[in-house]
Amino acid sequence: MCLSPHWCVFCNLDGESVNHMFIHCPYSIKVWWLLLREAEAVWVTPKGCFQLLSSNFAALGKGKKTKVLWGCVVQAIFWNLWMESNRRIFEDYKGVGVDELWDRVKLWAALWASVINVFKDLTASSIGRDLRAAVK
Ligand SMILES: [Zn+2]
């Protein structure tokens, strides 16, 4: 449990700021790296959340499916980092490793994408199993 508002609950190294918590923290950046690995992409780490959310990420491809899935994955990363942070602060909870958090991200992203019309032919599990294949 981390009670200091000046410590990041993930790394205990830096002051908690939005950009640190969601992008630059050593824990959080590994989640983004897992996305990049899955997308077989590289990027220059954005300076902050505004730049990240403003970026036109085309590594998964182009088109409506890619735009929808990218949005779902990005939102799922933010959502799961936020939930993980809150659980570590407010519950008797040690936290999970980056790989397990990434599994949760894919689960949520796939679930959200599966109810959007462009993915009506795919199940959530098939989307989550292979993000790149889901947008082809
Ligand atoms: Zn941190």
# chains A, B, ... in the order shown; residues from 1 in each chain; ligands from 1
$ residues_near_ligand --ligand "ligand 1" --cutoff "9 Å" --atoms "only C-alpha atoms and all ligand atoms" --output "PyMOL selection string"
chain A and resi 7-17+20-22+24-28
$ closest_atom_pairs --of "range 60-88 of chain A" --to "range 108-129 of chain A" --cutoff "8 Å" --atoms "only C-alpha atoms" --output "tab-separated table"
residue	atom	partner	partner_atom	distance
A:Lys64	CA	A:Val118	CA	7.4
A:Lys65	CA	A:Val118	CA	6.1
A:Val68	CA	A:Ala113	CA	6.9
A:Leu69	CA	A:Ala113	CA	6.1
A:Cys72	CA	A:Ala109	CA	4.8
A:Val73	CA	A:Ala109	CA	4.9
A:Gln75	CA	A:Ala109	CA	7.6
A:Ala76	CA	A:Ala109	CA	5.5
$ atom_distance --atom1 "CA of Thr66 in chain A" --atom2 "CA of Val135 in chain A"
5.6 Å
$ select_by_dssp --residues "range 1-81 of chain A" --states "helix (DSSP H, G or I)" --output "PyMOL selection string"
chain A and resi 18-24+26-39+49-54+64-81
$ write_last_selection --atoms "C-alpha atoms" --output "mmCIF file, in the first residue's frame"
data_model
loop_
_atom_site.group_PDB
_atom_site.id
_atom_site.type_symbol
_atom_site.label_atom_id
_atom_site.label_comp_id
_atom_site.auth_asym_id
_atom_site.auth_seq_id
_atom_site.Cartn_x
_atom_site.Cartn_y
_atom_site.Cartn_z
ATOM 1 C CA VAL A 18 -0.946 11.710 -15.136
ATOM 2 C CA ASN A 19 1.831 11.356 -17.692
ATOM 3 C CA HIS A 20 4.003 9.329 -15.342
ATOM 4 C CA MET A 21 1.231 7.022 -14.211
ATOM 5 C CA PHE A 22 -0.176 6.274 -17.641
ATOM 6 C CA ILE A 23 2.925 6.382 -19.853
ATOM 7 C CA HIS A 24 6.360 6.990 -18.364
ATOM 8 C CA PRO A 26 8.560 1.785 -15.671
ATOM 9 C CA TYR A 27 5.506 -0.388 -14.989
ATOM 10 C CA SER A 28 3.168 1.421 -17.376
ATOM 11 C CA ILE A 29 5.635 1.729 -20.230
ATOM 12 C CA LYS A 30 6.008 -2.049 -20.250
ATOM 13 C CA VAL A 31 2.286 -2.360 -20.946
ATOM 14 C CA TRP A 32 2.672 -0.047 -23.936
ATOM 15 C CA TRP A 33 5.677 -2.074 -25.082
ATOM 16 C CA LEU A 34 3.545 -5.217 -25.019
ATOM 17 C CA LEU A 35 1.047 -3.481 -27.278
ATOM 18 C CA LEU A 36 3.833 -2.445 -29.622
ATOM 19 C CA ARG A 37 5.235 -5.975 -29.637
ATOM 20 C CA GLU A 38 1.835 -7.388 -30.474
ATOM 21 C CA ALA A 39 1.352 -4.781 -33.202
ATOM 22 C CA CYS A 49 -1.183 11.626 -22.634
ATOM 23 C CA PHE A 50 -2.333 14.428 -24.939
ATOM 24 C CA GLN A 51 0.317 13.528 -27.525
ATOM 25 C CA LEU A 52 -0.486 9.837 -27.138
ATOM 26 C CA LEU A 53 -4.203 10.326 -27.615
ATOM 27 C CA SER A 54 -3.580 12.677 -30.536
ATOM 28 C CA LYS A 64 -12.508 1.527 -39.458
ATOM 29 C CA LYS A 65 -11.669 -1.718 -37.640
ATOM 30 C CA THR A 66 -8.168 -0.521 -36.827
ATOM 31 C CA LYS A 67 -9.415 2.830 -35.572
ATOM 32 C CA VAL A 68 -12.028 1.153 -33.366
ATOM 33 C CA LEU A 69 -9.665 -1.471 -31.990
ATOM 34 C CA TRP A 70 -6.888 1.049 -31.356
ATOM 35 C CA GLY A 71 -9.357 3.180 -29.406
ATOM 36 C CA CYS A 72 -10.519 0.194 -27.381
ATOM 37 C CA VAL A 73 -6.971 -0.927 -26.588
ATOM 38 C CA VAL A 74 -5.812 2.539 -25.560
ATOM 39 C CA GLN A 75 -8.862 3.004 -23.349
ATOM 40 C CA ALA A 76 -8.357 -0.460 -21.880
ATOM 41 C CA ILE A 77 -4.739 0.345 -21.030
ATOM 42 C CA PHE A 78 -5.754 3.570 -19.272
ATOM 43 C CA TRP A 79 -8.668 1.831 -17.543
ATOM 44 C CA ASN A 80 -6.611 -1.105 -16.296
ATOM 45 C CA LEU A 81 -3.721 1.065 -15.100
#
$ atom_distance --atom1 "CA of Lys62 in chain A" --atom2 "CA of Val42 in chain A"
16.3 Å
